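Okay, structure first, notes after.
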Amino acid sequence: MLFDTHAHLNDPAFDEDREALMAGLADKGIGLVMNAGCSLESSRDIIRMAERYPWLYASVGSHPDSADEVNEEVIEEYRKLCSHEKVKAIGEIGLDYYYEDIPREIQKKAFRMQMALANELDMPVIIHEREAHDDGMRIVKEFPKVKGVFHCYSGSAEMARQLVNMGWYIGFTGVLTFKNARKAVETAASVPLERIVLETDCPFMAPEPYRGKRNDPGYLPKMAEKLAEIRGISVEEAIAATTENAKRLYRIQ
Ligand code: NI
């Protein structure tokens with residue numbers, strides 16, 4: 001069974017058919033899903049969702065696009081939410097200098113505050129980092145005890161090797177299957193298999209041949225097939241390894 005380590009099943013894109021889609025995931029080989037929070041409000045929503053499905057987990061945190069909501073009161077709310085049994089990570093948190101909807105200084109402050117919470121609570125983190133490699137690495141290194149995953153990884157293979165050496169995981173989305181995914185493929189080929197996790201980031205990032213369409217966890221086998229091809233291993237091995245890695249990352253038995 002596959003573990004989708006990063007999904008947004010609470011997204012309005014699923015409002016029409018969410019229940020049916022979720023009921024059909026097991027038949028498509030999807031055994032576990034981590035639903036990632038993006039704001040205090042969405043974090044609360046996904047905890048309520050996770051309470052209803054034994055295979056669904058939640059992470060809580062403010063995405064760089066919501067960095068301006070982060071203050072001591074919000075951190076205190078996250079601190080309380082983290083004691084919920086279905087909350088297994090803090091995220092997605094980080095930096096996005098591609099869209100830069102929120103000024104960089106505010107993004108960095110929110111990122112640091114949430115990394116400090118992960119440090120305090122000893123929880124793994126889910127990092128969103130786009131076009132902010134230097135600042136992302138700098139802040140991660142300020143919290144040497146905090147580990148987690150760089151989701152939808154977009155850095156260099158060299159940076160990935162550095163992260164892996166520091167104890168981090170690298171998350172790959174459907175981007176891995178894109179024709180122009182040279183950098184992601186190079187990274188997936190060169191980092192140790194035991195540090196790779198797969199994710200959909202649905203409803204975004206659908207793999208080929210569904211690129212541009214709505215993504216959902218049912219497409220995750222496409223990523224496992226691609227990873228198997230890149231690594232020269234069987235699809236079964238790719239599934240077993242990435243599921244094992246994801247459970248280790250999120251500390252799920
Ligand atoms: Ni995401």
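Each chain in the structure tokens gets a letter, A, B, ..., in the order shown, and its residues are numbered from 1; ligands are numbered from 1 in order too.
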Expected answer as a list in words: residues within 10 Å of ligand 1, only C-alpha atoms and all ligand atoms: Thr5, His6, Ala7, His8, Asn35, Ala36, Gly37, Cys38, His63, Gly91, Glu92, Ile93, Ile126, Ile127, His128, His151, Cys152, Glu199, Thr200, Asp201, Cys202, Pro203, Phe204 and Met205 of chain A
Written file, previous selection with N, CA and C atoms, as a compact mmCIF listing (two decimals), in the first residue's frame:
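Result saved to result20.txt:
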# COMPACT_ATOMS: atom_id res chain seq x y z
N THR A 5 2.18 11.26 1.16
CA THR A 5 2.72 12.02 2.29
C THR A 5 2.35 13.50 2.28
N HIS A 6 1.57 13.94 1.28
CA HIS A 6 1.20 15.36 1.24
C HIS A 6 0.01 15.54 0.31
N ALA A 7 -1.15 15.78 0.91
CA ALA A 7 -2.37 15.99 0.12
C ALA A 7 -3.16 17.13 0.73
N HIS A 8 -4.09 17.65 -0.07
CA HIS A 8 -5.01 18.69 0.42
C HIS A 8 -6.44 18.26 0.08
N ASN A 35 -2.78 14.68 5.25
CA ASN A 35 -3.42 15.88 4.76
C ASN A 35 -2.69 17.06 5.38
N ALA A 36 -2.15 17.96 4.55
CA ALA A 36 -1.31 19.04 5.07
C ALA A 36 -2.11 20.32 5.29
N GLY A 37 -1.97 20.89 6.46
CA GLY A 37 -2.60 22.18 6.76
C GLY A 37 -1.83 23.32 6.12
N CYS A 38 -2.54 24.43 5.84
CA CYS A 38 -1.91 25.59 5.21
C CYS A 38 -2.14 26.86 6.01
N HIS A 63 1.29 27.97 5.91
CA HIS A 63 2.04 28.02 4.65
C HIS A 63 2.61 29.44 4.49
N GLY A 91 3.25 21.63 9.57
CA GLY A 91 3.45 22.02 8.18
C GLY A 91 2.13 22.20 7.48
N GLU A 92 2.11 22.75 6.26
CA GLU A 92 3.37 23.03 5.62
C GLU A 92 3.82 24.43 5.95
N ILE A 93 5.10 24.54 6.27
CA ILE A 93 5.70 25.81 6.66
C ILE A 93 6.92 26.05 5.78
N ILE A 126 6.94 19.62 7.74
CA ILE A 126 6.78 19.54 6.28
C ILE A 126 7.14 20.91 5.74
N ILE A 127 8.21 20.95 4.95
CA ILE A 127 8.72 22.22 4.45
C ILE A 127 8.27 22.49 3.02
N HIS A 128 7.71 23.67 2.82
CA HIS A 128 7.43 24.19 1.47
C HIS A 128 8.52 25.22 1.20
N HIS A 151 9.02 19.05 0.92
CA HIS A 151 7.98 18.51 0.04
C HIS A 151 8.06 19.15 -1.35
N CYS A 152 7.60 18.42 -2.35
CA CYS A 152 7.64 18.89 -3.75
C CYS A 152 9.03 19.48 -4.04
N GLU A 199 4.37 11.84 -2.85
CA GLU A 199 3.24 12.67 -2.46
C GLU A 199 2.52 13.13 -3.72
N THR A 200 1.24 13.48 -3.56
CA THR A 200 0.54 14.06 -4.71
C THR A 200 0.51 15.58 -4.68
N ASP A 201 0.45 16.17 -3.46
CA ASP A 201 0.17 17.60 -3.32
C ASP A 201 -1.16 17.93 -4.02
N CYS A 202 -2.06 16.93 -4.07
CA CYS A 202 -3.33 17.13 -4.74
C CYS A 202 -4.15 18.23 -4.04
N PRO A 203 -4.93 19.02 -4.76
CA PRO A 203 -5.38 18.80 -6.15
C PRO A 203 -4.40 19.30 -7.21
N PHE A 204 -3.20 19.72 -6.81
CA PHE A 204 -2.23 20.25 -7.77
C PHE A 204 -1.28 19.15 -8.24
N MET A 205 -0.42 19.47 -9.21
CA MET A 205 0.73 18.64 -9.57
C MET A 205 0.38 17.23 -10.08
Applying 8 Å and only C-alpha atoms, which residues near Tyr250 of chain A remain after dropping the ones on its own chain fewer than 4 positions away? List them as number ranges by chain. A: 88-89, 124, 246
Using only C-alpha atoms, find the one residue out of A:Pro12, A:Gly29, A:Gly212, A:Gly94 that sits nearest to Ala132 of chain A. A:Gly94
I'd like the contact shell of Trp55 of chain A - 8 Å cut-off, only C-alpha atoms, skipping same-chain residues fewer than 3 positions apart - returned as a PyMOL selection string. chain A and resi 31-33+50
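Atom pair atom CA of Phe178 of chain A / atom CA of Arg211 of chain A: separated by 8.0 Å.
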Run DSSP on the backbone of this structure and report the residues of segment 24-116 of chain A it assigns to helix (DSSP H, G or I), as JSON, numbers by chain. {"A": [26, 27, 28, 40, 41, 42, 43, 44, 45, 46, 47, 48, 49, 50, 51, 64, 65, 66, 67, 68, 69, 72, 73, 74, 75, 76, 77, 78, 79, 80, 81, 104, 105, 106, 107, 108, 109, 110, 111, 112, 113, 114, 115, 116]}
Where does segment 103-126 of chain A meet segment 73-85 of chain A within 9 Å, residue by residue, with the nearest atom pair and distance in Å to one decimal for each, counting only C-alpha atoms, listed by chain and rising number, as a tab-separated table?
residue	atom	partner	partner_atom	distance
A:Met113	CA	A:Ile75	CA	7.6
A:Gln114	CA	A:Ile75	CA	7.2
A:Leu117	CA	A:Arg79	CA	7.3
A:Leu121	CA	A:Arg79	CA	8.0
A:Met123	CA	A:Cys82	CA	8.7
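Those residues in segment 41-137 of chain A carrying a DSSP assignment of strand (DSSP E or B), computed from the backbone, are Leu56, Tyr57, Ala58, Ser59, Val60, Val87, Lys88, Ala89, Ile90, Gly91, Glu92, Ile93, Gly94, Leu95, Asp96, Val125, Ile126, Ile127, His128, Glu129 and Arg130 of chain A.
Residue nearest Ile30 of chain A, chosen from A:Ile46, A:Ala188, A:Leu220, A:Ile102 and counting only C-alpha atoms: A:Leu220.
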Between atom CA of Leu40 of chain A and atom CA of Pro144 of chain A - distance in Å to one decimal: 25.5 Å
Spatial neighbours of Ala160 of chain A, max dist 9 Å, only C-alpha atoms, sep filter under 4 positions, as number ranges by chain: A: 150, 153, 155-156, 164-165, 168-170, 187, 190-191
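For the choices A:Glu72, A:Glu229, A:Asp101, A:Asp4, the atom-to-atom distance to Ala58 of chain A is smallest for A:Asp4 when using only C-alpha atoms.
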Using only C-alpha atoms, which protein or nucleic acid residues come within 9 Å of Glu131 of chain A? Drop anything in the same chain fewer than 5 positions from it, and give the result as number ranges by chain. A: 95-98, 154-155
